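Enquirer: Contents of protein_29.csv (CSV, C-alpha atoms (C1' of nucleotides)):
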```csv
chain,number,residue,atom,x,y,z
I,21,MET,CA,-32.9,9.2,-4.5
I,22,GLY,CA,-30.8,6.1,-4.1
I,23,PHE,CA,-28.1,7.8,-2.0
I,24,THR,CA,-30.7,8.8,0.6
I,25,ARG,CA,-32.3,5.4,0.7
I,26,VAL,CA,-29.0,3.7,1.3
I,27,TYR,CA,-28.4,6.1,4.2
I,28,ASN,CA,-31.7,5.5,5.7
I,29,THR,CA,-31.3,1.8,5.5
I,30,LEU,CA,-27.8,1.9,7.1
I,31,TYR,CA,-28.9,4.2,9.8
I,32,ALA,CA,-32.0,2.1,10.6
I,33,HIS,CA,-29.7,-0.9,10.9
I,34,TYR,CA,-26.7,0.4,12.8
I,35,GLY,CA,-28.0,3.6,14.5
I,36,PRO,CA,-25.9,6.7,15.2
I,37,GLN,CA,-22.1,6.2,15.0
I,38,HIS,CA,-20.8,9.2,16.9
I,39,TRP,CA,-17.5,9.4,15.0
I,40,TRP,CA,-14.5,10.0,14.7
I,41,PRO,CA,-13.0,7.7,17.3
I,42,GLY,CA,-10.8,10.3,19.1
I,43,ASP,CA,-11.2,12.7,22.0
I,44,THR,CA,-9.7,15.9,20.6
I,45,PRO,CA,-9.5,17.6,17.2
I,46,PHE,CA,-5.7,16.9,17.1
I,47,GLU,CA,-6.2,13.3,17.9
I,48,ILE,CA,-8.6,13.0,15.0
I,49,MET,CA,-6.1,14.7,12.7
I,50,ALA,CA,-3.3,12.4,13.7
I,51,GLY,CA,-5.5,9.4,13.3
I,52,ALA,CA,-6.5,10.5,9.8
I,53,VAL,CA,-2.8,10.5,8.8
I,54,LEU,CA,-2.0,7.2,10.5
I,55,THR,CA,-4.9,5.3,9.1
I,56,GLN,CA,-3.9,5.8,5.5
I,57,ASN,CA,-4.3,2.4,3.9
I,58,THR,CA,-4.1,0.8,7.4
I,59,ALA,CA,-6.5,-1.1,9.7
I,60,TRP,CA,-7.7,1.1,12.5
I,61,THR,CA,-6.8,-1.5,15.1
I,62,ASN,CA,-3.2,-0.9,14.2
I,63,VAL,CA,-3.6,2.9,14.4
I,64,GLU,CA,-5.0,2.5,17.9
I,65,LYS,CA,-1.8,1.0,19.1
I,66,ALA,CA,0.3,3.8,17.7
I,67,ILE,CA,-2.0,6.4,19.2
I,68,ALA,CA,-1.8,4.6,22.5
I,69,ASN,CA,2.0,4.7,22.3
I,70,LEU,CA,1.9,8.5,21.8
I,71,LYS,CA,-0.5,8.9,24.7
I,72,ALA,CA,1.6,6.7,27.0
I,73,GLN,CA,4.6,8.9,26.1
I,74,ASP,CA,2.6,12.1,26.6
I,75,HIS,CA,3.3,13.0,23.0
I,76,LEU,CA,-0.1,13.2,21.4
I,77,ASP,CA,0.6,16.9,20.9
I,78,PRO,CA,1.6,18.8,17.8
I,79,ALA,CA,4.5,20.7,19.4
I,80,ARG,CA,6.0,17.7,21.0
I,81,ILE,CA,5.6,15.5,17.9
I,82,ALA,CA,7.2,18.3,15.8
I,83,ARG,CA,10.4,18.3,18.0
I,84,ALA,CA,10.7,14.6,18.6
I,85,SER,CA,13.4,12.7,16.7
I,86,HIS,CA,12.5,10.8,13.6
I,87,GLU,CA,13.8,7.6,15.1
I,88,GLN,CA,11.8,8.0,18.3
I,89,LEU,CA,8.6,8.9,16.5
I,90,ALA,CA,8.9,6.1,14.0
I,91,GLN,CA,9.4,3.7,16.8
I,92,TRP,CA,6.1,4.8,18.5
I,93,LEU,CA,4.3,4.7,15.2
I,94,LYS,CA,5.6,1.2,14.3
I,95,PRO,CA,2.3,-0.7,14.9
I,96,SER,CA,0.5,1.5,12.4
I,97,GLY,CA,2.7,0.4,9.5
I,98,TYR,CA,4.7,2.5,7.0
I,99,PHE,CA,6.2,4.0,10.1
I,100,ASN,CA,9.1,5.8,8.4
I,101,ILE,CA,6.7,7.5,5.9
I,102,LYS,CA,4.1,8.3,8.6
I,103,ALA,CA,6.7,9.7,11.0
I,104,GLN,CA,7.7,12.0,8.3
I,105,ARG,CA,4.2,12.9,7.3
I,106,LEU,CA,2.9,13.4,10.8
I,107,GLN,CA,5.9,15.5,11.8
I,108,GLY,CA,5.5,17.6,8.7
I,109,PHE,CA,1.9,18.1,9.4
I,110,CYS,CA,2.6,19.1,13.0
I,111,ALA,CA,5.2,21.6,11.9
I,112,TRP,CA,2.7,23.1,9.5
I,113,TYR,CA,0.0,23.1,12.1
I,114,MET,CA,2.2,25.0,14.6
I,115,ALA,CA,3.4,27.4,12.0
I,116,GLN,CA,-0.2,28.2,11.1
I,117,GLY,CA,-1.0,29.1,14.7
I,118,GLY,CA,-2.9,25.9,15.6
I,119,LEU,CA,-6.5,25.1,15.9
I,120,LYS,CA,-7.9,28.5,16.5
I,121,THR,CA,-6.3,30.2,13.6
I,122,LEU,CA,-7.2,27.4,11.2
I,123,SER,CA,-10.8,27.3,12.4
I,124,ALA,CA,-11.1,30.9,11.2
I,125,LEU,CA,-10.5,29.9,7.6
I,126,ASP,CA,-13.5,29.1,5.3
I,127,THR,CA,-13.8,25.5,4.2
I,128,HIS,CA,-12.4,26.0,0.7
I,129,ALA,CA,-9.3,27.8,2.0
I,130,LEU,CA,-8.7,25.3,4.7
I,131,ARG,CA,-9.1,22.4,2.3
I,132,HIS,CA,-6.6,24.0,-0.1
I,133,ALA,CA,-4.2,24.6,2.8
I,134,LEU,CA,-4.4,21.0,4.0
I,135,LEU,CA,-3.8,19.6,0.5
I,136,ALA,CA,-0.6,21.6,0.3
I,137,VAL,CA,0.8,19.7,3.2
I,138,HIS,CA,3.0,16.8,2.0
I,139,GLY,CA,1.3,13.5,2.7
I,140,ILE,CA,-2.2,15.0,3.0
I,141,GLY,CA,-4.3,13.8,0.0
I,142,PRO,CA,-7.9,14.4,-0.7
I,143,GLU,CA,-9.3,11.7,1.6
I,144,THR,CA,-7.1,12.6,4.6
I,145,ALA,CA,-7.9,16.3,4.1
I,146,ASP,CA,-11.6,15.6,4.0
I,147,ASP,CA,-11.5,13.3,7.1
I,148,ILE,CA,-9.9,16.3,8.9
I,149,LEU,CA,-12.3,18.8,7.5
I,150,LEU,CA,-15.4,16.8,8.4
I,151,TYR,CA,-14.4,15.2,11.7
I,152,ALA,CA,-12.0,17.7,13.3
I,153,PHE,CA,-13.4,21.0,11.9
I,154,HIS,CA,-17.0,19.9,11.4
I,155,ARG,CA,-17.1,21.2,7.8
I,156,PRO,CA,-19.8,19.8,5.4
I,157,VAL,CA,-17.6,17.7,3.1
I,158,PHE,CA,-18.4,14.1,2.0
I,159,VAL,CA,-15.4,11.7,2.4
I,160,ILE,CA,-14.8,9.4,-0.5
I,161,ASP,CA,-12.8,6.3,0.4
I,162,ALA,CA,-12.3,2.8,-1.0
I,163,TYR,CA,-15.3,1.5,0.9
I,164,THR,CA,-17.5,4.1,-0.6
I,165,ARG,CA,-16.3,3.4,-4.1
I,166,ARG,CA,-16.8,-0.4,-3.7
I,167,LEU,CA,-20.2,-0.3,-2.0
I,168,PHE,CA,-21.8,2.3,-4.3
I,169,SER,CA,-20.4,0.8,-7.5
I,170,ARG,CA,-21.8,-2.6,-6.5
I,171,LEU,CA,-25.1,-1.0,-5.7
I,172,GLY,CA,-25.1,0.4,-9.2
I,173,LEU,CA,-25.2,4.1,-8.1
I,174,ILE,CA,-21.7,5.0,-9.4
I,175,LYS,CA,-19.2,3.6,-11.8
I,176,GLY,CA,-16.4,3.5,-9.2
I,177,ASP,CA,-13.5,4.8,-11.2
I,178,GLU,CA,-14.5,8.4,-11.2
I,179,GLY,CA,-12.1,11.0,-10.0
I,180,TYR,CA,-12.2,11.9,-6.3
I,181,GLU,CA,-13.6,15.4,-6.8
I,182,THR,CA,-16.2,14.1,-9.2
I,183,LEU,CA,-17.5,11.6,-6.6
I,184,ARG,CA,-17.4,14.1,-3.8
I,185,HIS,CA,-19.5,16.5,-5.8
I,186,THR,CA,-21.9,13.7,-6.7
I,187,PHE,CA,-22.5,12.8,-3.1
I,188,GLU,CA,-22.6,16.3,-1.8
I,189,THR,CA,-25.2,17.5,-4.3
I,190,ALA,CA,-27.3,14.4,-4.0
I,191,LEU,CA,-27.5,14.7,-0.2
I,192,GLY,CA,-26.9,18.3,0.8
I,193,ASN,CA,-28.9,21.3,0.2
I,194,ASP,CA,-26.8,24.4,0.9
I,195,SER,CA,-23.8,23.3,3.0
I,196,THR,CA,-25.5,23.7,6.3
I,197,LYS,CA,-24.9,22.3,9.7
I,198,ALA,CA,-27.4,19.6,9.0
I,199,ASP,CA,-25.2,18.5,6.1
I,200,THR,CA,-22.2,18.2,8.3
I,201,ARG,CA,-24.2,15.9,10.6
I,202,LEU,CA,-25.4,13.8,7.7
I,203,PHE,CA,-22.0,13.5,6.0
I,204,ASN,CA,-20.5,12.6,9.4
I,205,GLU,CA,-22.9,9.8,10.1
I,206,TYR,CA,-23.0,8.6,6.5
I,207,HIS,CA,-19.2,8.0,6.1
I,208,ALA,CA,-19.1,6.3,9.5
I,209,LEU,CA,-22.0,4.0,8.6
I,210,ILE,CA,-20.3,3.0,5.3
I,211,VAL,CA,-17.1,2.1,7.2
I,212,ASN,CA,-19.0,0.2,9.8
I,213,HIS,CA,-21.0,-1.6,7.2
I,214,ALA,CA,-17.8,-2.6,5.3
I,215,LYS,CA,-16.4,-4.1,8.5
I,216,ASP,CA,-19.6,-5.9,9.3
I,217,ILE,CA,-20.1,-7.8,6.1
I,218,CYS,CA,-18.3,-10.8,4.7
I,219,ARG,CA,-15.5,-9.8,2.4
I,220,LYS,CA,-15.0,-13.2,0.9
I,221,GLN,CA,-18.6,-13.7,-0.3
I,222,PRO,CA,-19.6,-11.3,-3.0
I,223,LEU,CA,-23.2,-12.4,-2.7
I,224,CYS,CA,-24.5,-11.5,0.7
I,225,MET,CA,-28.3,-12.0,1.1
I,226,ARG,CA,-28.2,-11.3,4.8
I,227,CYS,CA,-26.8,-7.8,4.4
I,228,CYS,CA,-29.1,-5.0,5.5
I,229,LEU,CA,-28.8,-3.5,2.0
I,230,ALA,CA,-29.9,-6.6,0.2
I,231,ASP,CA,-33.2,-5.0,-0.7
I,232,VAL,CA,-31.6,-1.9,-2.1
I,233,CYS,CA,-29.2,-3.7,-4.3
I,234,PRO,CA,-30.7,-4.7,-7.7
I,235,SER,CA,-28.1,-7.5,-8.3
I,236,ARG,CA,-28.1,-8.6,-4.7
I,237,ILE,CA,-24.4,-8.1,-4.6
I,238,VAL,CA,-23.8,-5.9,-1.7
I,239,THR,CA,-20.3,-6.5,-0.3
T,9,DA,C1',1.5,-18.8,3.4
T,10,DC,C1',-1.4,-15.7,1.6
T,11,DC,C1',-4.7,-11.4,1.6
T,12,DC,C1',-6.0,-7.2,3.0
T,13,DA,C1',-6.5,-2.8,5.5
T,14,DG,C1',-10.7,4.0,6.5
T,15,DG,C1',-3.9,6.5,0.9
T,16,DG,C1',-0.3,9.2,-1.0
T,17,DT,C1',3.8,10.1,-3.6
T,18,DC,C1',6.9,9.3,-7.2
T,19,DA,C1',8.7,7.6,-11.6
T,20,DT,C1',7.6,6.3,-16.1
T,21,DA,C1',5.0,6.3,-20.9
U,9,DT,C1',-4.0,10.8,-17.9
U,10,DA,C1',-2.9,6.5,-16.4
U,11,DT,C1',-0.8,2.8,-14.7
U,12,DG,C1',2.8,0.6,-11.4
U,13,DA,C1',6.1,0.5,-7.4
U,14,DC,C1',6.7,1.5,-3.0
U,15,DC,C1',5.8,2.1,1.9
U,16,DA,C1',5.2,-2.1,6.5
U,17,DT,C1',2.5,-3.8,10.5
U,18,DG,C1',-1.0,-7.0,12.4
U,19,DG,C1',-5.2,-9.8,12.0
U,20,DG,C1',-8.0,-13.2,9.4
```
Can you give me the file's structure in the form of structure tokens?
Expert:
Amino acid sequence: MGFTRVYNTLYAHYGPQHWWPGDTPFEIMAGAVLTQNTAWTNVEKAIANLKAQDHLDPARIARASHEQLAQWLKPSGYFNIKAQRLQGFCAWYMAQGGLKTLSALDTHALRHALLAVHGIGPETADDILLYAFHRPVFVIDAYTRRLFSRLGLIKGDEGYETLRHTFETALGNDSTKADTRLFNEYHALIVNHAKDICRKQPLCMRCCLADVCPSRIVT
DNA sequence: ACCCAGGGTCATA
DNA sequence: TATGACCATGGG
């Protein structure tokens, strides 16, 4: 199976990634919202601001003023939108009863609940499910579409749920803990790989996936 | 001076 | 269903 071979190749080349960058489940959730269409280096600055203000906390974010929060989030871009989304998420998070209550939900129910929050789409929800709640869901992002369509393993314009199902059934057996570990590493490896390679040159012979790619186009 | 980055929502046809 | 506009900063 091609999907497994790509994983083995990436893992052999980069090793374990120990993702998500973030110390607590809530930091991971906040990071997932802030990194929407945004470079992670910018998100780090915003999270550093929240930490410096002792505000990396759902209750405190929920009751901060929009202007204040937007100012702290400024480096992450879209700061007005993200202040709104993060605050809305925190309000929901508190209303639900926090981490403990949410952890009691099964994966399907939790995913459905996350998607109902304004500003949480499929990828952000799956980031949170996989990296904050350790649930076996495969995250589909722009890197995944680009890489695997160029490897010839997918078309690239499939719907999100279609692709998620494709990866999960190709890689997972029965939604076990082992799947969570695999999906966790795999998504991290894809992102790492995307950063590592040259974006401007579509033909990259030095890439670690050069042998896997039939057309040798691996960016 | 461009181009892009670990998306999502909303308006239109 | 399927495009397009919009959000906005920082690094290459």
Enquirer: State, in Å with one decimal place, the distance from CA of Gly51 in chain I to CA of Val63 in chain I.
Expert: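 Straight-line distance from CA of Gly51 in chain I to CA of Val63 in chain I works out to 6.9 Å.
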Enquirer: Any chance you could tabulate, as JSON lines, the residues of range 63-117 of chain I at most 12 Å from range 14-21 of chain T with each one's nearest atom pair and distance in Å to one decimal, using only C-alpha atoms (C1' of nucleotides), in chain and rising number order?
Expert:
```
{"residue": "I:Val63", "atom": "CA", "partner": "T:DG14", "partner_atom": "C1'", "distance": 10.7}
{"residue": "I:Tyr98", "atom": "CA", "partner": "T:DG15", "partner_atom": "C1'", "distance": 11.3}
{"residue": "I:Ile101", "atom": "CA", "partner": "T:DG16", "partner_atom": "C1'", "distance": 10.0}
{"residue": "I:Lys102", "atom": "CA", "partner": "T:DG16", "partner_atom": "C1'", "distance": 10.6}
{"residue": "I:Arg105", "atom": "CA", "partner": "T:DG16", "partner_atom": "C1'", "distance": 10.1}
```
Enquirer: Could you tell me how far CA of Ala133 in chain I sits from CA of Met114 in chain I, in Å to one decimal place?
Expert: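 According to the coordinates, CA of Met114 in chain I and CA of Ala133 in chain I are separated by 13.4 Å.
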Enquirer: When you get a sec, could you note down which chain U residues fall within 6 Å of chain I, using only C-alpha atoms (C1' of nucleotides), as a PyMOL selection string?
Expert: chain U and resi 15-17
Enquirer: Please find the residues of chain I near chain T - the criterion being any atom within 8 Å, counting all atoms listed in the file - and write them as a short mmCIF file (atom, residue, chain, number, x, y, z; two decimals) with C-alpha atoms, keeping the file's coordinate frame.
Expert:
```
data_model
loop_
_atom_site.label_atom_id
_atom_site.label_comp_id
_atom_site.auth_asym_id
_atom_site.auth_seq_id
_atom_site.Cartn_x
_atom_site.Cartn_y
_atom_site.Cartn_z
CA THR I 55 -4.90 5.30 9.10
CA GLN I 56 -3.90 5.80 5.50
CA ASN I 57 -4.30 2.40 3.90
CA THR I 58 -4.10 0.80 7.40
CA ALA I 59 -6.50 -1.10 9.70
CA TRP I 60 -7.70 1.10 12.50
CA GLY I 139 1.30 13.50 2.70
CA ILE I 140 -2.20 15.00 3.00
CA GLY I 141 -4.30 13.80 0.00
CA GLU I 143 -9.30 11.70 1.60
CA THR I 144 -7.10 12.60 4.60
CA ASP I 161 -12.80 6.30 0.40
CA ALA I 162 -12.30 2.80 -1.00
CA TYR I 163 -15.30 1.50 0.90
CA VAL I 211 -17.10 2.10 7.20
#
```
Enquirer: Can you work out the spacing between CA of His207 in chain I and CA of Asn69 in chain I in Å, to one decimal?
Expert: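 Separation between CA of His207 in chain I and CA of Asn69 in chain I: 26.9 Å.
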Enquirer: Which residue, I:Ala124, I:Asp177, I:Phe187, I:Leu229, has the smallest gap to DA10 in chain U when you use all atoms listed in the file?
Expert: I:Asp177
Enquirer: Kindly output range 174-197 of chain I as a tab-separated table (two decimals), in the frame of the given file, after building N, CA and C atoms.
Expert:
```tsv
chain	number	residue	atom	x	y	z
I	174	ILE	N	-22.87	4.33	-8.79
I	174	ILE	CA	-21.70	5.00	-9.40
I	174	ILE	C	-20.96	4.00	-10.24
I	175	LYS	N	-20.04	4.49	-11.08
I	175	LYS	CA	-19.20	3.60	-11.80
I	175	LYS	C	-18.09	3.02	-10.89
I	176	GLY	N	-17.46	3.92	-10.15
I	176	GLY	CA	-16.40	3.50	-9.20
I	176	GLY	C	-15.07	4.03	-9.52
I	177	ASP	N	-14.84	4.32	-10.81
I	177	ASP	CA	-13.50	4.80	-11.20
I	177	ASP	C	-13.49	6.29	-11.49
I	178	GLU	N	-14.52	6.98	-11.04
I	178	GLU	CA	-14.50	8.40	-11.20
I	178	GLU	C	-13.44	9.08	-10.39
I	179	GLY	N	-13.07	10.28	-10.74
I	179	GLY	CA	-12.10	11.00	-10.00
I	179	GLY	C	-12.64	11.37	-8.59
I	180	TYR	N	-11.75	11.66	-7.66
I	180	TYR	CA	-12.20	11.90	-6.30
I	180	TYR	C	-13.14	13.12	-6.23
I	181	GLU	N	-12.79	14.21	-6.86
I	181	GLU	CA	-13.60	15.40	-6.80
I	181	GLU	C	-14.97	15.21	-7.44
I	182	THR	N	-14.97	14.44	-8.50
I	182	THR	CA	-16.20	14.10	-9.20
I	182	THR	C	-17.19	13.41	-8.23
I	183	LEU	N	-16.68	12.40	-7.56
I	183	LEU	CA	-17.50	11.60	-6.60
I	183	LEU	C	-17.97	12.48	-5.45
I	184	ARG	N	-17.06	13.25	-4.92
I	184	ARG	CA	-17.40	14.10	-3.80
I	184	ARG	C	-18.56	15.03	-4.15
I	185	HIS	N	-18.47	15.61	-5.33
I	185	HIS	CA	-19.50	16.50	-5.80
I	185	HIS	C	-20.84	15.76	-5.98
I	186	THR	N	-20.74	14.54	-6.51
I	186	THR	CA	-21.90	13.70	-6.70
I	186	THR	C	-22.68	13.50	-5.39
I	187	PHE	N	-21.93	13.07	-4.39
I	187	PHE	CA	-22.50	12.80	-3.10
I	187	PHE	C	-23.05	14.06	-2.41
I	188	GLU	N	-22.26	15.11	-2.48
I	188	GLU	CA	-22.60	16.30	-1.80
I	188	GLU	C	-23.88	16.97	-2.37
I	189	THR	N	-23.99	16.94	-3.68
I	189	THR	CA	-25.20	17.50	-4.30
I	189	THR	C	-26.38	16.65	-4.18
I	190	ALA	N	-26.15	15.33	-4.13
I	190	ALA	CA	-27.30	14.40	-4.00
I	190	ALA	C	-27.86	14.47	-2.59
I	191	LEU	N	-27.02	14.74	-1.60
I	191	LEU	CA	-27.50	14.70	-0.20
I	191	LEU	C	-27.66	16.01	0.46
I	192	GLY	N	-26.83	16.99	0.10
I	192	GLY	CA	-26.90	18.30	0.80
I	192	GLY	C	-27.72	19.28	0.09
I	193	ASN	N	-28.15	20.28	0.80
I	193	ASN	CA	-28.90	21.30	0.20
I	193	ASN	C	-28.10	22.58	-0.02
I	194	ASP	N	-27.58	23.11	1.06
I	194	ASP	CA	-26.80	24.40	0.90
I	194	ASP	C	-25.67	24.44	1.92
I	195	SER	N	-24.98	23.31	2.08
I	195	SER	CA	-23.80	23.30	3.00
I	195	SER	C	-24.15	23.82	4.36
I	196	THR	N	-25.12	23.24	4.98
I	196	THR	CA	-25.50	23.70	6.30
I	196	THR	C	-24.96	22.77	7.37
I	197	LYS	N	-25.29	23.09	8.60
I	197	LYS	CA	-24.90	22.30	9.70
I	197	LYS	C	-25.51	20.90	9.66
```
